[in-house]
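Raw run_31.pdb, PDB, N, CA and C atoms:
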ATOM      1  N   MET N  56      29.268  29.390   1.950
ATOM      2  CA  MET N  56      27.986  29.778   2.507
ATOM      3  C   MET N  56      28.062  29.690   4.037
ATOM      4  N   THR N  57      27.514  30.679   4.705
ATOM      5  CA  THR N  57      27.545  30.683   6.165
ATOM      6  C   THR N  57      26.155  30.409   6.715
ATOM      7  N   ASP N  58      26.125  29.813   7.890
ATOM      8  CA  ASP N  58      24.869  29.557   8.572
ATOM      9  C   ASP N  58      24.375  30.840   9.214
ATOM     10  N   THR N  59      23.066  30.970   9.315
ATOM     11  CA  THR N  59      22.474  32.116   9.990
ATOM     12  C   THR N  59      22.649  31.950  11.487
ATOM     13  N   ILE N  60      23.038  33.026  12.152
ATOM     14  CA  ILE N  60      23.221  33.014  13.601
ATOM     15  C   ILE N  60      21.956  33.560  14.242
ATOM     16  N   TRP N  61      21.378  32.810  15.176
ATOM     17  CA  TRP N  61      20.216  33.294  15.904
ATOM     18  C   TRP N  61      20.616  34.506  16.726
ATOM     19  N   THR N  62      19.728  35.496  16.755
ATOM     20  CA  THR N  62      19.966  36.692  17.549
ATOM     21  C   THR N  62      18.659  37.177  18.160
ATOM     22  N   PRO N  63      18.709  37.704  19.368
ATOM     23  CA  PRO N  63      17.514  38.261  19.979
ATOM     24  C   PRO N  63      17.275  39.719  19.562
ATOM     25  N   CYS N  64      18.113  40.246  18.686
ATOM     26  CA  CYS N  64      18.032  41.645  18.279
ATOM     27  C   CYS N  64      16.671  41.955  17.664
ATOM     28  N   ILE N  65      16.075  43.080  18.120
ATOM     29  CA  ILE N  65      14.811  43.548  17.547
ATOM     30  C   ILE N  65      15.005  44.908  16.876
ATOM     31  N   LYS N  66      16.266  45.257  16.657
ATOM     32  CA  LYS N  66      16.653  46.505  15.996
ATOM     33  C   LYS N  66      16.209  47.745  16.773
ATOM     34  N   VAL N  67      16.185  47.615  18.073
ATOM     35  CA  VAL N  67      15.989  48.739  18.985
ATOM     36  C   VAL N  67      17.250  48.762  19.837
ATOM     37  N   CYS N  68      18.278  49.385  19.313
ATOM     38  CA  CYS N  68      19.599  49.317  19.921
ATOM     39  C   CYS N  68      19.868  50.555  20.773
ATOM     40  N   PHE N  69      19.744  50.372  22.059
ATOM     41  CA  PHE N  69      20.048  51.433  23.013
ATOM     42  C   PHE N  69      20.561  50.771  24.277
ATOM     43  N   VAL N  70      21.779  51.092  24.645
ATOM     44  CA  VAL N  70      22.369  50.533  25.855
ATOM     45  C   VAL N  70      22.123  51.494  27.006
ATOM     46  N   ASP N  71      21.449  50.987  28.029
ATOM     47  CA  ASP N  71      21.235  51.769  29.244
ATOM     48  C   ASP N  71      22.580  51.857  29.951
ATOM     49  N   PRO N  72      23.137  53.062  30.075
ATOM     50  CA  PRO N  72      24.477  53.178  30.666
ATOM     51  C   PRO N  72      24.542  52.741  32.124
ATOM     52  N   ALA N  73      23.459  52.883  32.846
ATOM     53  CA  ALA N  73      23.462  52.477  34.256
ATOM     54  C   ALA N  73      23.425  50.956  34.400
ATOM     55  N   GLN N  74      22.671  50.309  33.535
ATOM     56  CA  GLN N  74      22.509  48.856  33.638
ATOM     57  C   GLN N  74      23.488  48.079  32.761
ATOM     58  N   GLN N  75      24.100  48.773  31.805
ATOM     59  CA  GLN N  75      25.044  48.130  30.883
ATOM     60  C   GLN N  75      24.387  46.982  30.120
ATOM     61  N   VAL N  76      23.154  47.236  29.659
ATOM     62  CA  VAL N  76      22.390  46.225  28.935
ATOM     63  C   VAL N  76      21.611  46.926  27.823
ATOM     64  N   CYS N  77      21.472  46.271  26.690
ATOM     65  CA  CYS N  77      20.667  46.803  25.599
ATOM     66  C   CYS N  77      19.199  46.654  25.973
ATOM     67  N   VAL N  78      18.441  47.731  25.888
ATOM     68  CA  VAL N  78      17.035  47.660  26.280
ATOM     69  C   VAL N  78      16.146  47.156  25.145
ATOM     70  N   GLY N  79      16.735  46.775  24.034
ATOM     71  CA  GLY N  79      15.990  46.132  22.952
ATOM     72  C   GLY N  79      16.039  44.620  23.069
ATOM     73  N   CYS N  80      17.240  44.090  23.255
ATOM     74  CA  CYS N  80      17.416  42.631  23.288
ATOM     75  C   CYS N  80      17.847  42.101  24.658
ATOM     76  N   PHE N  81      18.287  42.988  25.520
ATOM     77  CA  PHE N  81      18.719  42.672  26.883
ATOM     78  C   PHE N  81      19.989  41.829  26.962
ATOM     79  N   ARG N  82      20.836  41.993  25.944
ATOM     80  CA  ARG N  82      22.171  41.411  26.024
ATOM     81  C   ARG N  82      23.086  42.418  26.706
ATOM     82  N   THR N  83      24.096  41.895  27.396
ATOM     83  CA  THR N  83      25.089  42.748  28.039
ATOM     84  C   THR N  83      26.047  43.287  26.981
ATOM     85  N   LEU N  84      26.830  44.283  27.367
ATOM     86  CA  LEU N  84      27.826  44.816  26.440
ATOM     87  C   LEU N  84      28.804  43.734  26.001
ATOM     88  N   GLU N  85      29.217  42.897  26.927
ATOM     89  CA  GLU N  85      30.148  41.810  26.601
ATOM     90  C   GLU N  85      29.513  40.851  25.600
ATOM     91  N   GLU N  86      28.259  40.508  25.814
ATOM     92  CA  GLU N  86      27.564  39.596  24.897
ATOM     93  C   GLU N  86      27.397  40.229  23.520
ATOM     94  N   LEU N  87      27.040  41.505  23.491
ATOM     95  CA  LEU N  87      26.906  42.195  22.208
ATOM     96  C   LEU N  87      28.219  42.168  21.431
ATOM     97  N   GLY N  88      29.302  42.429  22.110
ATOM     98  CA  GLY N  88      30.606  42.467  21.461
ATOM     99  C   GLY N  88      31.099  41.119  20.963
ATOM    100  N   ARG N  89      30.704  40.062  21.636
ATOM    101  CA  ARG N  89      31.197  38.721  21.293
ATOM    102  C   ARG N  89      30.202  37.877  20.505
ATOM    103  N   TRP N  90      28.994  38.351  20.320
ATOM    104  CA  TRP N  90      27.894  37.521  19.815
ATOM    105  C   TRP N  90      28.266  36.690  18.592
ATOM    106  N   THR N  91      28.823  37.282  17.581
ATOM    107  CA  THR N  91      29.113  36.533  16.355
ATOM    108  C   THR N  91      30.296  35.579  16.527
ATOM    109  N   ARG N  92      31.076  35.766  17.584
ATOM    110  CA  ARG N  92      32.207  34.869  17.836
ATOM    111  C   ARG N  92      31.870  33.786  18.855
ATOM    112  N   MET N  93      30.694  33.886  19.477
ATOM    113  CA  MET N  93      30.276  32.869  20.449
ATOM    114  C   MET N  93      29.911  31.588  19.726
ATOM    115  N   SER N  94      30.070  30.495  20.431
ATOM    116  CA  SER N  94      29.603  29.221  19.885
ATOM    117  C   SER N  94      28.083  29.176  19.993
ATOM    118  N   GLU N  95      27.478  28.280  19.279
ATOM    119  CA  GLU N  95      26.025  28.103  19.366
ATOM    120  C   GLU N  95      25.621  27.777  20.800
ATOM    121  N   ALA N  96      26.412  26.969  21.477
ATOM    122  CA  ALA N  96      26.119  26.606  22.873
ATOM    123  C   ALA N  96      26.164  27.837  23.781
ATOM    124  N   GLU N  97      27.122  28.719  23.546
ATOM    125  CA  GLU N  97      27.204  29.942  24.351
ATOM    126  C   GLU N  97      25.980  30.823  24.123
ATOM    127  N   ARG N  98      25.574  30.967  22.862
ATOM    128  CA  ARG N  98      24.386  31.777  22.573
ATOM    129  C   ARG N  98      23.139  31.148  23.192
ATOM    130  N   GLU N  99      23.033  29.840  23.121
ATOM    131  CA  GLU N  99      21.888  29.140  23.728
ATOM    132  C   GLU N  99      21.859  29.346  25.237
ATOM    133  N   ALA N 100      23.019  29.436  25.858
ATOM    134  CA  ALA N 100      23.095  29.636  27.309
ATOM    135  C   ALA N 100      22.619  31.037  27.704
ATOM    136  N   VAL N 101      22.714  31.987  26.797
ATOM    137  CA  VAL N 101      22.279  33.359  27.067
ATOM    138  C   VAL N 101      20.752  33.472  26.977
ATOM    139  N   LYS N 102      20.142  32.715  26.080
ATOM    140  CA  LYS N 102      18.698  32.830  25.832
ATOM    141  C   LYS N 102      17.846  32.897  27.093
ATOM    142  N   PRO N 103      17.983  31.963  28.030
ATOM    143  CA  PRO N 103      17.093  32.003  29.199
ATOM    144  C   PRO N 103      17.337  33.211  30.112
ATOM    145  N   LYS N 104      18.474  33.835  29.991
ATOM    146  CA  LYS N 104      18.793  34.994  30.831
ATOM    147  C   LYS N 104      18.090  36.258  30.347
ATOM    148  N   LEU N 105      17.729  36.306  29.078
ATOM    149  CA  LEU N 105      17.188  37.527  28.492
ATOM    150  C   LEU N 105      15.847  37.925  29.098
ATOM    151  N   ASP N 106      14.935  36.967  29.265
ATOM    152  CA  ASP N 106      13.635  37.279  29.863
ATOM    153  C   ASP N 106      13.779  37.759  31.297
ATOM    154  N   ALA N 107      14.689  37.152  32.036
ATOM    155  CA  ALA N 107      14.911  37.566  33.426
ATOM    156  C   ALA N 107      15.469  38.985  33.470
ATOM    157  N   ARG N 108      16.371  39.309  32.565
ATOM    158  CA  ARG N 108      16.929  40.659  32.512
ATOM    159  C   ARG N 108      15.849  41.680  32.152
ATOM    160  N   ARG N 109      15.008  41.313  31.190
ATOM    161  CA  ARG N 109      13.919  42.212  30.796
ATOM    162  C   ARG N 109      13.001  42.474  31.988
ATOM    163  N   ALA N 110      12.597  41.414  32.672
ATOM    164  CA  ALA N 110      11.701  41.548  33.823
ATOM    165  C   ALA N 110      12.336  42.403  34.910
ATOM    166  N   ALA N 111      13.617  42.168  35.178
ATOM    167  CA  ALA N 111      14.314  42.949  36.201
ATOM    168  C   ALA N 111      14.406  44.413  35.789
ATOM    169  N   TYR N 112      14.708  44.653  34.537
ATOM    170  CA  TYR N 112      14.829  46.029  34.042
ATOM    171  C   TYR N 112      13.482  46.743  34.152
ATOM    172  N   GLU N 113      12.426  46.085  33.710
ATOM    173  CA  GLU N 113      11.101  46.691  33.746
ATOM    174  C   GLU N 113      10.612  46.921  35.169
ATOM    175  N   ALA N 114      11.093  46.103  36.100
ATOM    176  CA  ALA N 114      10.717  46.280  37.503
ATOM    177  C   ALA N 114      11.597  47.311  38.200
ATOM    178  N   GLY N 115      12.600  47.834  37.485
ATOM    179  CA  GLY N 115      13.465  48.863  38.041
ATOM    180  C   GLY N 115      14.594  48.335  38.880
ATOM    181  N   ARG N 116      14.888  47.048  38.753
ATOM    182  CA  ARG N 116      15.988  46.446  39.514
ATOM    183  C   ARG N 116      17.220  46.340  38.633
ATOM    184  N   SER N 117      18.349  46.129  39.248
ATOM    185  CA  SER N 117      19.583  45.877  38.505
ATOM    186  C   SER N 117      19.506  44.516  37.854
ATOM    187  N   VAL N 118      20.082  44.421  36.659
ATOM    188  CA  VAL N 118      20.121  43.143  35.949
ATOM    189  C   VAL N 118      21.438  42.469  36.136
TER     190      VAL N 118
END

Is it possible to give me this structure as structure tokens?
Amino acid sequence: MTDTIWTPCIKVCFVDPAQQVCVGCFRTLEELGRWTRMSEAEREAVKPKLDARRAAYEAGRSV
């Protein structure tokens, strides 16, 4: 039996090519590719960055 991995995915998967970030969950391409292989600590370290990326994206700034 495997443990459930927390994910910020909202099933709106579209990577903005200019920003290199998913506009659904705001993970980077690198994070998306490694997510299931990251440790719990690594995933927890990403969490606080997501809101900042969303705010920056919505304000039209680079993330």

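For the pair atom CA of Ala114 of chain N and atom CA of Phe69 of chain N, the interatomic distance is 18.0 Å.
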
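Using all atoms listed in the file, the protein and nucleic acid residues lying no more than 8 Å from Cys68 of chain N, apart from those fewer than 3 places from it along its own chain, are Cys64, Ile65, Asp71, Cys77, Val78, Gly79 and Cys80 of chain N.
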
Around the point (23.1, 49.0, 31.6) in the file's coordinates, collect all residues with an atom within 12 Å, using only C-alpha atoms, and return them as JSON, numbers by chain. {"N": [69, 70, 71, 72, 73, 74, 75, 76, 77, 78, 79, 80, 81, 82, 83, 84, 85, 108, 109, 111, 112, 115, 116, 117, 118]}

So that I can check the surroundings of Trp61 of chain N, please list as a PyMOL selection string every protein, DNA and RNA residue that reaches within 12 Å of it, counting only C-alpha atoms and ignoring chain neighbours fewer than 5 positions away. chain N and resi 90-91+93-99+101-102

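Backbone DSSP of chain N yields alpha helix (DSSP H) at Leu84, Glu85, Glu86, Leu87, Gly88, Arg89, Glu95, Ala96, Glu97, Arg98, Glu99, Ala100, Val101, Lys102, Pro103, Lys104, Leu105, Asp106, Ala107, Arg108, Arg109, Ala110, Ala111, Tyr112 and Glu113 of chain N.
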
Which centre and edge lengths in Å to one decimal define the box along x, y and z that fits every listed atom of segment 87-98 of chain N plus 8 Å per side, as JSON?
{"center_x": 27.7, "center_y": 34.5, "center_z": 20.4, "size_x": 25.1, "size_y": 31.9, "size_z": 24.0}

Distance of atom CA of Lys104 of chain N from atom CA of Asp58 of chain N, expressed in Å to one decimal place: 23.7 Å

Could you give me the residues within chain N that DSSP places in strand (DSSP E or B), as a ChimeraX atom specification? /N:70-71,76-77,83

Tell me, in Å to one decimal, how far atom N of Leu87 of chain N is from atom C of Asp106 of chain N. 15.8 Å
